[in-house]
$ cat work_5.cif   # mmCIF, C-alpha atoms
data_query
#
loop_
_atom_site.label_atom_id
_atom_site.label_comp_id
_atom_site.auth_asym_id
_atom_site.auth_seq_id
_atom_site.Cartn_x
_atom_site.Cartn_y
_atom_site.Cartn_z
CA MET W 1 -46.29 30.85 42.12
CA ASN W 2 -49.97 31.71 41.88
CA LEU W 3 -51.87 31.96 38.63
CA PHE W 4 -52.25 35.74 38.83
CA LEU W 5 -48.48 36.25 39.05
CA ILE W 6 -47.87 33.90 36.12
CA ILE W 7 -50.40 35.78 33.99
CA PHE W 8 -48.86 39.11 35.04
CA ILE W 9 -45.33 38.00 34.07
CA ILE W 10 -46.51 36.61 30.73
CA SER W 11 -48.41 39.85 30.04
CA ILE W 12 -45.34 41.99 30.75
CA ALA W 13 -43.23 39.76 28.49
CA ILE W 14 -45.76 40.09 25.66
CA ILE W 15 -45.86 43.88 26.05
CA ILE W 16 -42.06 44.10 25.94
CA LEU W 17 -41.88 41.88 22.87
CA PHE W 18 -44.48 44.05 21.17
CA LEU W 19 -42.58 47.24 21.99
CA ILE W 20 -39.16 46.12 20.73
CA ALA W 21 -40.08 43.82 17.84
CA PRO W 22 -38.41 44.81 14.55
CA ALA W 23 -39.96 44.62 11.10
CA TYR W 24 -39.04 42.00 8.54
CA SER W 25 -36.36 42.78 5.96
CA SER W 26 -35.88 40.76 2.82
CA LYS W 27 -32.63 39.18 1.66
CA GLU W 28 -32.70 41.55 -1.32
CA GLN W 29 -32.93 44.59 0.97
CA ARG W 30 -30.08 43.36 3.14
CA LYS W 31 -27.73 42.29 0.35
CA PRO W 32 -26.06 45.66 -0.45
CA PHE W 33 -25.13 46.10 3.23
CA GLN W 34 -24.56 42.54 4.43
CA ASN W 35 -20.98 42.03 5.68
CA LYS W 36 -19.97 45.45 4.38
CA ASN W 37 -17.70 48.07 5.90
CA ILE W 38 -19.27 51.52 5.63
CA ALA W 39 -17.13 54.68 5.80
CA HIS W 40 -18.47 56.99 8.52
CA ARG W 41 -19.14 60.44 7.01
CA GLY W 42 -17.11 59.30 4.02
CA LEU W 43 -13.49 58.20 4.07
CA HIS W 44 -12.30 61.20 6.07
CA SER W 45 -9.02 61.49 7.94
CA ASN W 46 -8.37 62.12 11.62
CA ASP W 47 -6.10 65.07 10.77
CA HIS W 48 -8.91 66.75 8.75
CA VAL W 49 -6.84 66.83 5.56
CA VAL W 50 -9.84 65.04 4.10
CA PRO W 51 -12.71 66.42 6.19
CA GLU W 52 -15.89 64.62 7.22
CA ASN W 53 -19.01 64.75 5.04
CA SER W 54 -17.06 66.36 2.19
CA LEU W 55 -17.09 65.56 -1.50
CA ALA W 56 -13.41 64.58 -1.15
CA ALA W 57 -14.25 62.07 1.59
CA PHE W 58 -17.07 60.61 -0.50
CA GLN W 59 -14.88 60.43 -3.59
CA ASP W 60 -12.16 58.58 -1.66
CA ALA W 61 -14.73 56.11 -0.29
CA VAL W 62 -16.01 55.40 -3.80
CA LYS W 63 -12.47 54.84 -5.07
CA ALA W 64 -11.81 52.39 -2.24
CA GLY W 65 -15.14 50.61 -2.77
CA TYR W 66 -16.57 51.36 0.67
CA GLY W 67 -20.19 52.07 1.35
CA ILE W 68 -20.83 55.58 2.68
CA GLU W 69 -22.63 56.83 5.77
CA LEU W 70 -23.67 60.49 5.69
CA ASP W 71 -25.91 62.98 7.49
CA LEU W 72 -28.77 65.08 6.13
CA GLN W 73 -30.51 68.20 7.34
CA LEU W 74 -32.24 71.26 5.92
CA SER W 75 -30.80 74.74 5.41
CA LYS W 76 -32.81 77.89 6.13
CA ASP W 77 -34.06 77.89 2.53
CA LYS W 78 -34.98 74.19 2.74
CA LYS W 79 -32.06 72.84 0.74
CA LEU W 80 -30.97 69.31 1.61
CA VAL W 81 -27.39 69.56 2.85
CA VAL W 82 -24.88 66.99 4.06
CA PHE W 83 -23.69 67.98 7.53
CA HIS W 84 -23.62 66.25 10.92
CA ASP W 85 -23.89 68.77 13.76
CA ASP W 86 -26.88 71.02 14.40
CA ASN W 87 -24.39 73.83 15.03
CA LEU W 88 -21.64 74.86 12.61
CA LYS W 89 -19.06 75.79 15.26
CA ARG W 90 -17.09 72.53 15.61
CA VAL W 91 -16.62 71.97 11.89
CA CYS W 92 -16.82 75.47 10.38
CA GLY W 93 -16.02 77.80 13.27
CA VAL W 94 -19.35 79.65 13.06
CA ASP W 95 -21.63 79.64 16.10
CA LYS W 96 -24.91 79.28 14.21
CA ARG W 97 -27.31 76.46 13.49
CA VAL W 98 -27.32 74.96 10.01
CA ASP W 99 -30.98 75.85 9.58
CA GLU W 100 -30.26 79.53 10.37
CA LEU W 101 -28.30 80.02 7.13
CA THR W 102 -29.28 79.72 3.48
CA TYR W 103 -27.40 77.29 1.31
CA GLU W 104 -25.56 80.11 -0.44
CA GLU W 105 -24.33 81.24 2.99
CA LEU W 106 -23.42 77.68 4.01
CA LYS W 107 -21.52 77.01 0.82
CA LYS W 108 -19.13 79.88 1.58
CA LEU W 109 -17.96 78.17 4.77
CA SER W 110 -14.90 75.94 4.87
CA ILE W 111 -15.13 72.44 6.35
CA SER W 112 -12.34 72.07 8.94
CA ASN W 113 -10.21 74.83 7.35
CA SER W 114 -9.95 72.92 4.08
CA ASN W 115 -10.90 73.77 0.53
CA GLU W 116 -14.03 71.65 0.92
CA TYR W 117 -17.52 73.13 1.31
CA ILE W 118 -20.80 71.80 2.67
CA PRO W 119 -22.32 69.82 -0.22
CA LEU W 120 -25.88 69.39 -1.31
CA PHE W 121 -27.20 65.85 -1.10
CA SER W 122 -27.90 66.00 -4.84
CA GLU W 123 -24.18 66.63 -5.46
CA VAL W 124 -23.25 63.57 -3.42
CA LEU W 125 -25.73 61.39 -5.28
CA HIS W 126 -24.31 62.59 -8.59
CA LEU W 127 -20.76 61.83 -7.40
CA VAL W 128 -21.52 58.36 -6.02
CA ASN W 129 -23.76 57.48 -8.99
CA GLY W 130 -24.75 54.08 -7.60
CA CYS W 131 -21.16 52.84 -7.28
CA VAL W 132 -21.39 52.04 -3.55
CA PRO W 133 -24.29 51.67 -1.09
CA LEU W 134 -25.37 54.66 1.00
CA VAL W 135 -26.45 54.73 4.64
CA VAL W 136 -28.41 57.97 4.90
CA GLU W 137 -28.91 59.38 8.39
CA LEU W 138 -31.67 61.97 8.77
CA LYS W 139 -30.91 64.35 11.61
CA ASN W 140 -33.60 65.34 14.07
CA GLY W 141 -34.55 68.97 13.39
CA ARG W 142 -37.27 71.57 13.35
CA ASN W 143 -39.11 70.28 10.30
CA ASN W 144 -38.71 66.51 10.21
CA ARG W 145 -41.67 65.92 7.94
CA LEU W 146 -40.24 68.16 5.22
CA LEU W 147 -36.82 66.58 5.72
CA CYS W 148 -38.32 63.11 5.13
CA GLU W 149 -40.36 64.22 2.13
CA THR W 150 -37.44 66.05 0.49
CA THR W 151 -35.05 63.16 1.09
CA TYR W 152 -37.43 60.57 -0.28
CA GLU W 153 -38.28 62.61 -3.38
CA LEU W 154 -34.60 62.89 -4.22
CA LEU W 155 -33.87 59.22 -3.53
CA LYS W 156 -36.78 58.02 -5.66
CA GLY W 157 -34.90 59.23 -8.71
CA TYR W 158 -31.56 57.75 -7.60
CA HIS W 159 -30.39 54.53 -9.23
CA GLY W 160 -28.28 53.03 -6.49
CA ASP W 161 -28.51 51.10 -3.23
CA TYR W 162 -29.38 53.00 -0.07
CA CYS W 163 -31.04 52.72 3.32
CA ILE W 164 -32.12 55.32 5.84
CA GLU W 165 -31.59 55.62 9.58
CA SER W 166 -32.23 58.11 12.36
CA PHE W 167 -32.07 58.56 16.12
CA GLN W 168 -35.55 60.07 15.89
CA PRO W 169 -38.11 57.21 15.86
CA LEU W 170 -40.74 59.42 14.22
CA ILE W 171 -38.46 59.89 11.21
CA VAL W 172 -38.04 56.13 10.89
CA ALA W 173 -41.80 55.78 11.32
CA TRP W 174 -42.38 58.23 8.45
CA PHE W 175 -40.49 55.91 6.11
CA ARG W 176 -42.36 52.94 7.55
CA LYS W 177 -45.61 54.58 6.48
CA HIS W 178 -44.67 56.36 3.25
CA ALA W 179 -41.73 54.38 1.82
CA LYS W 180 -42.15 50.75 2.80
CA GLU W 181 -39.70 49.59 0.13
CA VAL W 182 -36.81 51.49 1.74
CA LEU W 183 -34.71 49.59 4.27
CA ARG W 184 -34.95 51.57 7.49
CA GLY W 185 -33.00 51.53 10.72
CA GLN W 186 -33.10 52.86 14.25
CA LEU W 187 -29.94 54.47 15.58
CA SER W 188 -29.34 54.08 19.28
CA ALA W 189 -26.77 53.91 22.06
CA PRO W 190 -26.50 53.42 25.83
CA MET W 191 -28.22 56.06 28.00
CA THR W 192 -24.92 57.78 28.80
CA GLU W 193 -24.53 58.80 25.14
CA PHE W 194 -27.68 60.93 25.39
CA LYS W 195 -26.73 62.85 28.53
CA GLY W 196 -27.71 66.49 28.13
CA GLU W 197 -29.63 65.79 24.92
CA LEU W 198 -32.65 63.81 26.10
CA LYS W 199 -34.69 63.55 29.27
CA ASN W 200 -33.92 60.44 31.30
CA TYR W 201 -37.10 58.62 30.34
CA GLU W 202 -36.54 59.43 26.65
CA ALA W 203 -32.95 58.18 26.84
CA PHE W 204 -34.09 55.00 28.59
CA ALA W 205 -36.74 54.29 25.97
CA LEU W 206 -34.43 54.96 23.03
CA SER W 207 -31.45 53.07 24.44
CA ASN W 208 -33.68 50.02 25.08
CA LEU W 209 -35.50 50.29 21.72
CA LEU W 210 -38.91 50.71 23.33
CA SER W 211 -39.72 53.15 20.52
CA ASN W 212 -39.64 50.28 18.00
CA ALA W 213 -43.41 50.07 18.42
CA ILE W 214 -43.55 53.39 16.55
CA ALA W 215 -40.74 52.94 14.04
CA ARG W 216 -40.61 49.15 13.48
CA PRO W 217 -37.04 49.36 12.14
CA GLN W 218 -35.61 46.57 10.02
CA PHE W 219 -32.11 47.13 11.37
CA VAL W 220 -30.72 48.59 14.55
CA ALA W 221 -27.51 50.61 14.37
CA TYR W 222 -26.17 50.55 17.93
CA HIS W 223 -23.10 52.12 19.48
CA LYS W 224 -20.15 49.74 19.78
CA GLY W 225 -19.57 47.97 23.06
CA LYS W 226 -22.06 46.45 25.44
CA HIS W 227 -25.74 46.97 24.88
CA PRO W 228 -28.85 46.25 26.98
CA PHE W 229 -30.63 42.90 27.03
CA LEU W 230 -33.58 44.30 25.07
CA VAL W 231 -31.26 45.23 22.20
CA SER W 232 -29.94 41.66 22.10
CA LEU W 233 -33.52 40.43 22.17
CA CYS W 234 -34.42 42.70 19.24
CA TYR W 235 -31.52 41.23 17.27
CA ALA W 236 -32.69 37.73 18.20
CA LEU W 237 -36.11 38.65 16.81
CA GLY W 238 -34.54 39.33 13.42
CA ALA W 239 -33.25 42.90 13.30
CA MET W 240 -30.19 43.38 11.13
CA ARG W 241 -27.15 44.18 13.31
CA VAL W 242 -25.31 47.39 12.47
CA VAL W 243 -22.59 48.87 14.69
CA TRP W 244 -21.07 52.37 14.90
CA THR W 245 -18.45 53.85 14.98
CA VAL W 246 -15.60 51.34 14.92
CA ARG W 247 -12.04 52.67 15.14
CA PRO W 248 -8.54 51.11 14.86
CA ASN W 249 -8.11 50.50 18.60
CA ASP W 250 -11.33 48.47 18.87
CA ASP W 251 -11.46 44.66 18.85
CA ILE W 252 -12.37 44.58 15.17
CA LYS W 253 -12.41 40.81 14.74
CA LYS W 254 -14.81 40.41 17.64
CA ILE W 255 -17.03 43.17 16.26
CA GLU W 256 -17.04 41.54 12.83
CA SER W 257 -18.12 38.23 14.34
CA LYS W 258 -21.21 39.78 15.94
CA ASN W 259 -22.53 42.22 13.33
CA ASP W 260 -23.94 42.32 9.82
CA THR W 261 -22.65 45.78 8.92
CA ILE W 262 -19.87 47.94 10.36
CA ILE W 263 -19.67 51.73 10.22
CA PHE W 264 -15.99 52.64 10.66
CA GLU W 265 -13.54 55.53 10.60
CA PHE W 266 -9.80 56.27 10.69
CA TYR W 267 -8.57 52.95 9.31
CA SER W 268 -8.77 51.01 6.03
CA PRO W 269 -10.46 47.63 6.42
CA ASP W 270 -11.39 45.26 3.62
CA VAL W 271 -14.53 46.24 1.77
CA THR W 272 -16.29 43.14 3.11
CA PHE W 273 -15.81 40.95 6.16
CA LYS W 274 -16.90 37.53 7.43
CA ASN W 275 -18.87 36.96 10.62
#

$ encode --input "work_5.cif" --output "structure tokens"
Amino acid sequence: MNLFLIIFIISIAIIILFLIAPAYSSKEQRKPFQNKNIAHRGLHSNDHVVPENSLAAFQDAVKAGYGIELDLQLSKDKKLVVFHDDNLKRVCGVDKRVDELTYEELKKLSISNSNEYIPLFSEVLHLVNGCVPLVVELKNGRNNRLLCETTYELLKGYHGDYCIESFQPLIVAWFRKHAKEVLRGQLSAPMTEFKGELKNYEAFALSNLLSNAIARPQFVAYHKGKHPFLVSLCYALGAMRVVWTVRPNDDIKKIESKNDTIIFEFYSPDVTFKN
């Protein structure tokens, strides 16, 4: 092997390491989430009796002692609401985007034909009141800067443990720049999970964590199952290992042995686990 080739290979390796390297997280930042089971969109039920991202689901999670994962986006009038999908059709039966309706209009809608309504994030914070840790996902939308600013302003006055995460690296990067004290994470998954949502090169970059150079996440929340070599390398470099979304038919013991935090749904694990 000639010298030029050796230098080329070393250069490529250095570039890759630079792109995927995570940021450092302290033991204090990790502690509220370490070896914890986190209820995905609250402790909701598969039959929708307790619907996802509802005050009832969050109340049940608090009673059980589980941490809570939830989703944030902005309404038309810039209210911070807890809802997962961009479109309301799947959950509320209305074929409109969340950001096309005011909060007063959103509040009139039923979540999964229940008596539950779409809550404000402030309502959820008041309900949880620091009793369990929160994993706050910021959804990619039309005004991400305002979403970040509004979320952070509200969380600054909250006396409880929380972290933030997003699929959008620029959202994670915003917290890297403006809220260094907040534990931040990059959500990701294999390329197939992004089919129809991202261009191929965007899906490749996100699924392999090449956007870490922008976001420098302290944890990576990756879809359960196999993940690319670069994700394993990022974990080896010190990123906290978070997995989503674990269900009853998964190999839970194996998943527990390989991860720091588990986001789960549709079963009732112990509040904590050993790995």

$ residues_around --input "work_5.cif" --residues "stretch 246-258 of chain W" --least-positions-apart "4" --cutoff "12 Å" --atoms "only C-alpha atoms" --output "PyMOL selection string"
chain W and resi 34-40+45-46+221-226+232+235-236+240-242+262-270+272-275

$ write_last_selection --input "work_5.cif" --atoms "C-alpha atoms" --output "PDB file, keeping the file's coordinate frame"
ATOM      1  CA  GLN W  34     -24.560  42.540   4.430  1.00  0.00           C
ATOM      2  CA  ASN W  35     -20.980  42.030   5.680  1.00  0.00           C
ATOM      3  CA  LYS W  36     -19.970  45.450   4.380  1.00  0.00           C
ATOM      4  CA  ASN W  37     -17.700  48.070   5.900  1.00  0.00           C
ATOM      5  CA  ILE W  38     -19.270  51.520   5.630  1.00  0.00           C
ATOM      6  CA  ALA W  39     -17.130  54.680   5.800  1.00  0.00           C
ATOM      7  CA  HIS W  40     -18.470  56.990   8.520  1.00  0.00           C
ATOM      8  CA  SER W  45      -9.020  61.490   7.940  1.00  0.00           C
ATOM      9  CA  ASN W  46      -8.370  62.120  11.620  1.00  0.00           C
ATOM     10  CA  ALA W 221     -27.510  50.610  14.370  1.00  0.00           C
ATOM     11  CA  TYR W 222     -26.170  50.550  17.930  1.00  0.00           C
ATOM     12  CA  HIS W 223     -23.100  52.120  19.480  1.00  0.00           C
ATOM     13  CA  LYS W 224     -20.150  49.740  19.780  1.00  0.00           C
ATOM     14  CA  GLY W 225     -19.570  47.970  23.060  1.00  0.00           C
ATOM     15  CA  LYS W 226     -22.060  46.450  25.440  1.00  0.00           C
ATOM     16  CA  SER W 232     -29.940  41.660  22.100  1.00  0.00           C
ATOM     17  CA  TYR W 235     -31.520  41.230  17.270  1.00  0.00           C
ATOM     18  CA  ALA W 236     -32.690  37.730  18.200  1.00  0.00           C
ATOM     19  CA  MET W 240     -30.190  43.380  11.130  1.00  0.00           C
ATOM     20  CA  ARG W 241     -27.150  44.180  13.310  1.00  0.00           C
ATOM     21  CA  VAL W 242     -25.310  47.390  12.470  1.00  0.00           C
ATOM     22  CA  ILE W 262     -19.870  47.940  10.360  1.00  0.00           C
ATOM     23  CA  ILE W 263     -19.670  51.730  10.220  1.00  0.00           C
ATOM     24  CA  PHE W 264     -15.990  52.640  10.660  1.00  0.00           C
ATOM     25  CA  GLU W 265     -13.540  55.530  10.600  1.00  0.00           C
ATOM     26  CA  PHE W 266      -9.800  56.270  10.690  1.00  0.00           C
ATOM     27  CA  TYR W 267      -8.570  52.950   9.310  1.00  0.00           C
ATOM     28  CA  SER W 268      -8.770  51.010   6.030  1.00  0.00           C
ATOM     29  CA  PRO W 269     -10.460  47.630   6.420  1.00  0.00           C
ATOM     30  CA  ASP W 270     -11.390  45.260   3.620  1.00  0.00           C
ATOM     31  CA  THR W 272     -16.290  43.140   3.110  1.00  0.00           C
ATOM     32  CA  PHE W 273     -15.810  40.950   6.160  1.00  0.00           C
ATOM     33  CA  LYS W 274     -16.900  37.530   7.430  1.00  0.00           C
ATOM     34  CA  ASN W 275     -18.870  36.960  10.620  1.00  0.00           C
TER      35      ASN W 275
END

$ resolve_selection --input "work_5.cif" --expression "the PyMOL selection byres ((chain W and resi 183) around 7)" --output "list of chain:residue names"
W:Gln29, W:Cys163, W:Ile164, W:Glu181, W:Val182, W:Arg184, W:Gly185, W:Gln218

$ closest_residue --input "work_5.cif" --among "W:Asn53, W:Asn129, W:Ser75, W:Thr261" --to "W:Asp161" --atoms "only C-alpha atoms"
W:Asn129

$ resolve_selection --input "work_5.cif" --expression "the PyMOL selection byres ((chain W and resi 125) around 12)" --output "MDAnalysis selection string"
chainID W and resid 55 58:59 62 68 70 80:82 119:124 126:136 151 154:162

$ residues_around --input "work_5.cif" --residues "stretch 99-115 of chain W" --least-positions-apart "3" --cutoff "10 Å" --atoms "only C-alpha atoms" --output "PDB file with C-alpha atoms, keeping the file's coordinate frame"
ATOM      1  CA  ASP W  47      -6.100  65.070  10.770  1.00  0.00           C
ATOM      2  CA  HIS W  48      -8.910  66.750   8.750  1.00  0.00           C
ATOM      3  CA  VAL W  49      -6.840  66.830   5.560  1.00  0.00           C
ATOM      4  CA  VAL W  50      -9.840  65.040   4.100  1.00  0.00           C
ATOM      5  CA  PRO W  51     -12.710  66.420   6.190  1.00  0.00           C
ATOM      6  CA  GLU W  52     -15.890  64.620   7.220  1.00  0.00           C
ATOM      7  CA  ASN W  53     -19.010  64.750   5.040  1.00  0.00           C
ATOM      8  CA  SER W  54     -17.060  66.360   2.190  1.00  0.00           C
ATOM      9  CA  ALA W  56     -13.410  64.580  -1.150  1.00  0.00           C
ATOM     10  CA  GLN W  73     -30.510  68.200   7.340  1.00  0.00           C
ATOM     11  CA  LEU W  74     -32.240  71.260   5.920  1.00  0.00           C
ATOM     12  CA  SER W  75     -30.800  74.740   5.410  1.00  0.00           C
ATOM     13  CA  LYS W  76     -32.810  77.890   6.130  1.00  0.00           C
ATOM     14  CA  ASP W  77     -34.060  77.890   2.530  1.00  0.00           C
ATOM     15  CA  LYS W  78     -34.980  74.190   2.740  1.00  0.00           C
ATOM     16  CA  LYS W  79     -32.060  72.840   0.740  1.00  0.00           C
ATOM     17  CA  LEU W  80     -30.970  69.310   1.610  1.00  0.00           C
ATOM     18  CA  VAL W  81     -27.390  69.560   2.850  1.00  0.00           C
ATOM     19  CA  PHE W  83     -23.690  67.980   7.530  1.00  0.00           C
ATOM     20  CA  ASP W  86     -26.880  71.020  14.400  1.00  0.00           C
ATOM     21  CA  ASN W  87     -24.390  73.830  15.030  1.00  0.00           C
ATOM     22  CA  LEU W  88     -21.640  74.860  12.610  1.00  0.00           C
ATOM     23  CA  LYS W  89     -19.060  75.790  15.260  1.00  0.00           C
ATOM     24  CA  ARG W  90     -17.090  72.530  15.610  1.00  0.00           C
ATOM     25  CA  VAL W  91     -16.620  71.970  11.890  1.00  0.00           C
ATOM     26  CA  CYS W  92     -16.820  75.470  10.380  1.00  0.00           C
ATOM     27  CA  GLY W  93     -16.020  77.800  13.270  1.00  0.00           C
ATOM     28  CA  VAL W  94     -19.350  79.650  13.060  1.00  0.00           C
ATOM     29  CA  LYS W  96     -24.910  79.280  14.210  1.00  0.00           C
ATOM     30  CA  ILE W 118     -20.800  71.800   2.670  1.00  0.00           C
ATOM     31  CA  PRO W 119     -22.320  69.820  -0.220  1.00  0.00           C
ATOM     32  CA  LEU W 120     -25.880  69.390  -1.310  1.00  0.00           C
ATOM     33  CA  GLY W 141     -34.550  68.970  13.390  1.00  0.00           C
ATOM     34  CA  ARG W 142     -37.270  71.570  13.350  1.00  0.00           C
ATOM     35  CA  ASN W 143     -39.110  70.280  10.300  1.00  0.00           C
TER      36      ASN W 143
END

$ closest_residue --input "work_5.cif" --among "W:Leu19, W:His178, W:Leu233, W:Ser207" --to "W:Thr192" --atoms "all atoms listed in the file"
W:Ser207

$ atom_distance --input "work_5.cif" --atom1 "atom CA of W:Pro217" --atom2 "atom CA of W:Pro22"
5.3 Å

$ atom_distance --input "work_5.cif" --atom1 "atom CA of W:Lys195" --atom2 "atom CA of W:Ala13"
28.4 Å

$ closest_residue --input "work_5.cif" --among "W:Ala179, W:Phe18, W:Asp71, W:Lys31" --to "W:Asp260" --atoms "all atoms listed in the file"
W:Lys31

$ axis_aligned_box --input "work_5.cif" --around "stretch 184-193 of chain W" --padding-each-side "5 Å" --output "AutoDock Vina command-line options"
--center_x -29.7 --center_y 55.2 --center_z 18.1 --size_x 20.4 --size_y 17.3 --size_z 31.3

$ atom_distance --input "work_5.cif" --atom1 "atom CA of W:Gln186" --atom2 "atom CA of W:Glu165"
5.6 Å

$ closest_residue --input "work_5.cif" --among "W:Ile6, W:Tyr117, W:Val220, W:Val231" --to "W:Ala57" --atoms "all atoms listed in the file"
W:Tyr117

$ residues_around --input "work_5.cif" --residues "W:Asp60" --least-positions-apart "5" --cutoff "9 Å" --atoms "all atoms listed in the file" --output "number ranges by chain"
W: 42-44, 50, 55, 65-66

$ residues_near_point --input "work_5.cif" --point "(-40.9, 54.0, 11.7)" --cutoff "9 Å" --atoms "all atoms listed in the file" --output "number ranges by chain"
W: 169-177, 184-186, 211-217

$ build_atoms --input "work_5.cif" --residues "stretch 156-163 of chain W" --atoms "all heavy atoms" --output "PDB file, in the frame of the given file"
ATOM      1  N   LYS W 156     -35.945  58.766  -4.708  1.00  0.00           N
ATOM      2  CA  LYS W 156     -36.780  58.020  -5.660  1.00  0.00           C
ATOM      3  C   LYS W 156     -36.217  58.066  -7.064  1.00  0.00           C
ATOM      4  O   LYS W 156     -36.433  57.150  -7.858  1.00  0.00           O
ATOM      5  CB  LYS W 156     -38.220  58.550  -5.644  1.00  0.00           C
ATOM      6  CG  LYS W 156     -39.039  58.062  -4.455  1.00  0.00           C
ATOM      7  CD  LYS W 156     -40.531  58.303  -4.638  1.00  0.00           C
ATOM      8  CE  LYS W 156     -40.875  59.766  -4.612  1.00  0.00           C
ATOM      9  NZ  LYS W 156     -42.356  59.981  -4.634  1.00  0.00           N
ATOM     10  N   GLY W 157     -35.489  59.116  -7.386  1.00  0.00           N
ATOM     11  CA  GLY W 157     -34.900  59.230  -8.710  1.00  0.00           C
ATOM     12  C   GLY W 157     -33.455  58.754  -8.768  1.00  0.00           C
ATOM     13  O   GLY W 157     -32.793  58.889  -9.805  1.00  0.00           O
ATOM     14  N   TYR W 158     -32.954  58.191  -7.665  1.00  0.00           N
ATOM     15  CA  TYR W 158     -31.560  57.750  -7.600  1.00  0.00           C
ATOM     16  C   TYR W 158     -31.466  56.271  -7.918  1.00  0.00           C
ATOM     17  O   TYR W 158     -32.175  55.444  -7.349  1.00  0.00           O
ATOM     18  CB  TYR W 158     -31.014  58.018  -6.195  1.00  0.00           C
ATOM     19  CG  TYR W 158     -29.595  57.549  -5.987  1.00  0.00           C
ATOM     20  CD1 TYR W 158     -28.542  58.120  -6.695  1.00  0.00           C
ATOM     21  CD2 TYR W 158     -29.304  56.531  -5.075  1.00  0.00           C
ATOM     22  CE1 TYR W 158     -27.238  57.697  -6.501  1.00  0.00           C
ATOM     23  CE2 TYR W 158     -28.003  56.110  -4.862  1.00  0.00           C
ATOM     24  CZ  TYR W 158     -26.976  56.697  -5.581  1.00  0.00           C
ATOM     25  OH  TYR W 158     -25.685  56.269  -5.382  1.00  0.00           O
ATOM     26  N   HIS W 159     -30.564  55.931  -8.816  1.00  0.00           N
ATOM     27  CA  HIS W 159     -30.390  54.530  -9.230  1.00  0.00           C
ATOM     28  C   HIS W 159     -29.162  53.943  -8.520  1.00  0.00           C
ATOM     29  O   HIS W 159     -28.082  53.828  -9.092  1.00  0.00           O
ATOM     30  CB  HIS W 159     -30.253  54.437 -10.743  1.00  0.00           C
ATOM     31  CG  HIS W 159     -31.440  54.977 -11.480  1.00  0.00           C
ATOM     32  ND1 HIS W 159     -32.671  54.364 -11.468  1.00  0.00           N
ATOM     33  CD2 HIS W 159     -31.589  56.100 -12.217  1.00  0.00           C
ATOM     34  CE1 HIS W 159     -33.535  55.063 -12.178  1.00  0.00           C
ATOM     35  NE2 HIS W 159     -32.910  56.136 -12.644  1.00  0.00           N
ATOM     36  N   GLY W 160     -29.348  53.600  -7.284  1.00  0.00           N
ATOM     37  CA  GLY W 160     -28.280  53.030  -6.490  1.00  0.00           C
ATOM     38  C   GLY W 160     -28.847  52.478  -5.199  1.00  0.00           C
ATOM     39  O   GLY W 160     -30.003  52.738  -4.853  1.00  0.00           O
ATOM     40  N   ASP W 161     -28.058  51.703  -4.471  1.00  0.00           N
ATOM     41  CA  ASP W 161     -28.510  51.100  -3.230  1.00  0.00           C
ATOM     42  C   ASP W 161     -28.388  52.083  -2.072  1.00  0.00           C
ATOM     43  O   ASP W 161     -27.376  52.775  -1.938  1.00  0.00           O
ATOM     44  CB  ASP W 161     -27.681  49.853  -2.912  1.00  0.00           C
ATOM     45  CG  ASP W 161     -27.871  48.749  -3.948  1.00  0.00           C
ATOM     46  OD1 ASP W 161     -29.036  48.472  -4.293  1.00  0.00           O
ATOM     47  OD2 ASP W 161     -26.861  48.188  -4.401  1.00  0.00           O
ATOM     48  N   TYR W 162     -29.412  52.124  -1.236  1.00  0.00           N
ATOM     49  CA  TYR W 162     -29.380  53.000  -0.070  1.00  0.00           C
ATOM     50  C   TYR W 162     -30.327  52.472   0.993  1.00  0.00           C
ATOM     51  O   TYR W 162     -31.243  51.697   0.725  1.00  0.00           O
ATOM     52  CB  TYR W 162     -29.765  54.432  -0.443  1.00  0.00           C
ATOM     53  CG  TYR W 162     -31.192  54.609  -0.899  1.00  0.00           C
ATOM     54  CD1 TYR W 162     -32.210  54.871   0.017  1.00  0.00           C
ATOM     55  CD2 TYR W 162     -31.535  54.509  -2.245  1.00  0.00           C
ATOM     56  CE1 TYR W 162     -33.526  55.030  -0.393  1.00  0.00           C
ATOM     57  CE2 TYR W 162     -32.844  54.662  -2.671  1.00  0.00           C
ATOM     58  CZ  TYR W 162     -33.833  54.930  -1.735  1.00  0.00           C
ATOM     59  OH  TYR W 162     -35.131  55.077  -2.147  1.00  0.00           O
ATOM     60  N   CYS W 163     -30.094  52.920   2.212  1.00  0.00           N
ATOM     61  CA  CYS W 163     -31.040  52.720   3.320  1.00  0.00           C
ATOM     62  C   CYS W 163     -31.073  54.007   4.107  1.00  0.00           C
ATOM     63  O   CYS W 163     -30.235  54.904   3.907  1.00  0.00           O
ATOM     64  CB  CYS W 163     -30.612  51.539   4.198  1.00  0.00           C
ATOM     65  SG  CYS W 163     -29.055  51.790   5.082  1.00  0.00           S
TER      66      CYS W 163
END
